[in-house]
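Below is the file protein.cif, which contains mmCIF, C-alpha atoms.
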data_structure
loop_
_atom_site.group_PDB
_atom_site.id
_atom_site.type_symbol
_atom_site.label_atom_id
_atom_site.label_comp_id
_atom_site.auth_asym_id
_atom_site.auth_seq_id
_atom_site.Cartn_x
_atom_site.Cartn_y
_atom_site.Cartn_z
ATOM 1 C CA MET A 24 -114.382 -26.899 123.446
ATOM 2 C CA ASP A 25 -115.689 -30.061 121.778
ATOM 3 C CA THR A 26 -114.886 -29.912 118.037
ATOM 4 C CA ARG A 27 -116.264 -33.311 117.076
ATOM 5 C CA VAL A 28 -118.969 -33.370 114.419
ATOM 6 C CA LYS A 29 -122.206 -34.977 115.518
ATOM 7 C CA PRO A 30 -123.635 -37.603 113.159
ATOM 8 C CA ALA A 31 -126.625 -36.597 111.048
ATOM 9 C CA VAL A 32 -128.475 -39.773 112.013
ATOM 10 C CA SER A 33 -128.524 -41.755 115.199
ATOM 11 C CA PRO A 34 -126.590 -44.991 114.904
ATOM 12 C CA ARG A 35 -128.694 -48.131 114.993
ATOM 13 C CA PRO A 36 -127.516 -51.485 116.217
ATOM 14 C CA ALA A 37 -126.547 -53.743 113.347
ATOM 15 C CA GLN A 38 -129.077 -56.406 112.492
ATOM 16 C CA ALA A 39 -128.403 -59.584 110.612
ATOM 17 C CA ILE A 40 -130.283 -59.737 107.318
ATOM 18 C CA ASP A 41 -130.678 -62.353 104.643
ATOM 19 C CA LEU A 42 -128.948 -60.689 101.692
ATOM 20 C CA ARG A 43 -130.831 -62.756 99.117
ATOM 21 C CA VAL A 44 -134.208 -61.750 100.543
ATOM 22 C CA TRP A 45 -133.160 -58.115 100.932
ATOM 23 C CA SER A 46 -131.725 -57.823 97.418
ATOM 24 C CA ALA A 47 -134.667 -59.645 95.799
ATOM 25 C CA ALA A 48 -137.125 -57.197 97.357
ATOM 26 C CA ARG A 49 -135.097 -54.161 96.237
ATOM 27 C CA LEU A 50 -134.502 -55.579 92.757
ATOM 28 C CA GLU A 51 -138.238 -56.037 92.298
ATOM 29 C CA LEU A 52 -138.782 -52.357 93.146
ATOM 30 C CA VAL A 53 -136.045 -51.275 90.740
ATOM 31 C CA GLU A 54 -137.294 -53.489 87.898
ATOM 32 C CA ARG A 55 -140.873 -52.231 88.254
ATOM 33 C CA ALA A 56 -139.704 -48.615 88.337
ATOM 34 C CA LEU A 57 -137.481 -49.052 85.272
ATOM 35 C CA GLU A 58 -140.308 -50.755 83.377
ATOM 36 C CA ARG A 59 -142.686 -47.936 84.277
ATOM 37 C CA TRP A 60 -140.260 -45.156 83.331
ATOM 38 C CA VAL A 61 -139.109 -46.641 80.044
ATOM 39 C CA THR A 62 -142.646 -47.307 78.799
ATOM 40 C CA ALA A 63 -144.684 -44.569 80.503
ATOM 41 C CA ASP A 64 -145.967 -41.430 78.867
ATOM 42 C CA PRO A 65 -144.416 -38.101 79.833
ATOM 43 C CA PRO A 66 -143.590 -36.746 82.333
ATOM 44 C CA GLU A 67 -142.826 -40.066 84.107
ATOM 45 C CA GLY A 68 -141.490 -42.031 81.184
ATOM 46 C CA LEU A 69 -138.734 -41.854 78.609
ATOM 47 C CA ASP A 70 -140.922 -42.547 75.563
ATOM 48 C CA HIS A 71 -141.958 -38.947 74.789
ATOM 49 C CA GLY A 72 -143.509 -39.954 71.472
ATOM 50 C CA ALA A 73 -140.364 -41.648 70.203
ATOM 51 C CA PRO A 74 -140.618 -43.953 67.177
ATOM 52 C CA ALA A 75 -141.483 -47.555 68.014
ATOM 53 C CA GLU A 76 -138.023 -48.761 66.946
ATOM 54 C CA LEU A 77 -136.349 -46.370 69.378
ATOM 55 C CA VAL A 78 -138.637 -47.403 72.237
ATOM 56 C CA GLN A 79 -137.846 -51.053 71.458
ATOM 57 C CA ALA A 80 -134.100 -50.303 71.517
ATOM 58 C CA MET A 81 -134.442 -48.411 74.805
ATOM 59 C CA ARG A 82 -136.371 -51.297 76.347
ATOM 60 C CA TYR A 83 -133.729 -53.762 75.146
ATOM 61 C CA ALA A 84 -130.869 -51.673 76.532
ATOM 62 C CA VAL A 85 -132.481 -51.030 79.910
ATOM 63 C CA LEU A 86 -134.746 -54.002 80.623
ATOM 64 C CA ASP A 87 -132.777 -56.913 79.182
ATOM 65 C CA GLY A 88 -131.520 -58.211 82.511
ATOM 66 C CA GLY A 89 -128.364 -57.577 84.420
ATOM 67 C CA LYS A 90 -127.285 -57.904 88.008
ATOM 68 C CA ARG A 91 -128.410 -54.373 88.941
ATOM 69 C CA LEU A 92 -125.575 -54.065 91.443
ATOM 70 C CA ARG A 93 -125.409 -50.282 91.121
ATOM 71 C CA PRO A 94 -129.058 -49.710 92.089
ATOM 72 C CA LEU A 95 -128.653 -52.123 95.000
ATOM 73 C CA LEU A 96 -125.715 -50.079 96.275
ATOM 74 C CA VAL A 97 -127.802 -46.900 96.081
ATOM 75 C CA MET A 98 -130.649 -48.553 97.996
ATOM 76 C CA ALA A 99 -128.240 -49.934 100.607
ATOM 77 C CA ALA A 100 -126.678 -46.504 101.131
ATOM 78 C CA CYS A 101 -130.122 -44.981 101.546
ATOM 79 C CA GLU A 102 -131.187 -47.535 104.111
ATOM 80 C CA SER A 103 -127.944 -47.299 106.035
ATOM 81 C CA LEU A 104 -128.470 -43.536 106.345
ATOM 82 C CA GLN A 105 -132.195 -43.884 107.071
ATOM 83 C CA GLY A 106 -133.017 -41.941 103.916
ATOM 84 C CA HIS A 107 -136.200 -41.654 101.876
ATOM 85 C CA THR A 108 -136.785 -44.847 99.893
ATOM 86 C CA GLY A 109 -138.729 -43.157 97.093
ATOM 87 C CA ALA A 110 -135.942 -40.693 96.402
ATOM 88 C CA ALA A 111 -133.360 -43.469 96.567
ATOM 89 C CA LEU A 112 -135.364 -45.548 94.094
ATOM 90 C CA ARG A 113 -135.337 -42.697 91.586
ATOM 91 C CA ALA A 114 -131.593 -42.268 92.100
ATOM 92 C CA ALA A 115 -131.024 -46.026 91.802
ATOM 93 C CA CYS A 116 -132.881 -46.115 88.493
ATOM 94 C CA ALA A 117 -131.008 -43.055 87.251
ATOM 95 C CA VAL A 118 -127.711 -44.786 87.991
ATOM 96 C CA GLU A 119 -128.895 -47.876 86.107
ATOM 97 C CA LEU A 120 -130.059 -45.788 83.132
ATOM 98 C CA ILE A 121 -126.674 -44.064 82.961
ATOM 99 C CA HIS A 122 -124.970 -47.459 83.113
ATOM 100 C CA ALA A 123 -127.162 -48.771 80.264
ATOM 101 C CA TYR A 124 -126.366 -45.624 78.270
ATOM 102 C CA SER A 125 -122.637 -46.172 78.774
ATOM 103 C CA LEU A 126 -122.889 -49.772 77.572
ATOM 104 C CA VAL A 127 -124.815 -48.786 74.445
ATOM 105 C CA HIS A 128 -122.413 -46.000 73.563
ATOM 106 C CA ASP A 129 -119.394 -48.173 74.284
ATOM 107 C CA ASP A 130 -120.646 -50.710 71.720
ATOM 108 C CA MET A 131 -121.638 -48.192 69.046
ATOM 109 C CA PRO A 132 -118.224 -47.525 67.461
ATOM 110 C CA CYS A 133 -117.635 -51.248 66.947
ATOM 111 C CA MET A 134 -121.211 -52.101 65.974
ATOM 112 C CA ASP A 135 -120.383 -55.669 66.968
ATOM 113 C CA ASN A 136 -123.910 -56.504 68.204
#
Hey, can you dump this file as structure tokens for me?
Amino acid sequence: MDTRVKPAVSPRPAQAIDLRVWSAARLELVERALERWVTADPPEGLDHGAPAELVQAMRYAVLDGGKRLRPLLVMAACESLQGHTGAALRAACAVELIHAYSLVHDDMPCMDN
């Protein structure tokens, strides 16, 4: 009796990619999605009628640059498993939002900036 587990996806031959080109394309998707979600009206966005000062702080915390390594890792995992890009993009942005949250709350007790 064969007890080996069959893979969920068929393996594909590895292809050489230009990492700069690949990451730039994915980063553009992530940046556009973050911009849309932070500034959009409900149900897509985070604004939900918040005061202008809060929206400005949210935009600063989320959209003020960064390497976006975490979202890139989510997108890479999705592509390596032949997953759904739209779902991965939402997950990638969620990971980035949680990271931004952790940075804001890490700085709050000190109030050093």
Of the candidates A:Leu92, A:Ala123, A:Leu77, A:Ala111, which shows the shortest atom-to-atom distance to A:Ala47, using only C-alpha atoms?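 Looking only at the distances to A:Ala47, the closest residue turns out to be A:Leu92.
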One decimal, Å: what's the distance from atom CA of A:Ser103 over to atom CA of A:Arg55, could you say?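 Atom CA of A:Ser103 sits 22.5 Å away from atom CA of A:Arg55.
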State, in Å with one decimal place, the distance from atom CA of A:Ala39 to atom CA of A:Arg27.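 Spanning atom CA of A:Ala39 to atom CA of A:Arg27 is a straight-line distance of 29.7 Å.
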Given all atoms listed in the file as the basis, pick out the residue of A:Ala48, A:Ala117, A:Met81, A:Leu86 nearest to A:Ala99.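 Closest to A:Ala99, using all atoms listed in the file: A:Ala48.
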Would you mind reading off the distance between atom CA of A:Arg113 and atom CA of A:Arg59, one decimal, in Å?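 So the two atoms, atom CA of A:Arg113 and atom CA of A:Arg59, lie 11.6 Å apart.
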Let me make sure I understand: among A:Val53, A:Ala80, A:Ala75, A:Leu42, which one has the smallest atom-to-atom distance to A:Val118 if we use all atoms listed in the file?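 Looking only at the distances to A:Val118, the closest residue turns out to be A:Val53.
Nearest-residue note for A:Asp87: choosing from A:Pro74, A:Thr108, A:Glu54, A:Ala115, the minimum distance belongs to A:Glu54, counting only C-alpha atoms.
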For stretch 114-119 of chain A, I'd like the enclosing box, axis-aligned and padded by 3 Å on every side, reported as lines of an AutoDock Vina configuration file with centre and edge lengths in Å to one decimal.
center_x = -130.3
center_y = -45.1
center_z = 89.1
size_x = 11.2
size_y = 11.6
size_z = 12.0
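Running the PyMOL selection byres ((chain A and resi 114) around 12) on this file leaves Val53, Ala56, Leu57, Arg93, Pro94, Leu95, Leu96, Val97, Met98, Ala99, Ala100, Cys101, Gly106, His107, Thr108, Gly109, Ala110, Ala111, Leu112, Arg113, Ala115, Cys116, Ala117, Val118, Glu119, Leu120 and Ile121 of chain A selected.
Candidate residues A:Gly88, A:Asp130, A:Arg82, A:Ser125 were compared for distance to A:Glu58, and the nearest is A:Arg82, using all atoms listed in the file.
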Nearest to A:Leu126, restricted to all atoms listed in the file and choosing among A:Leu50, A:Ile40, A:Val61, A:Val85, comes out as A:Val85
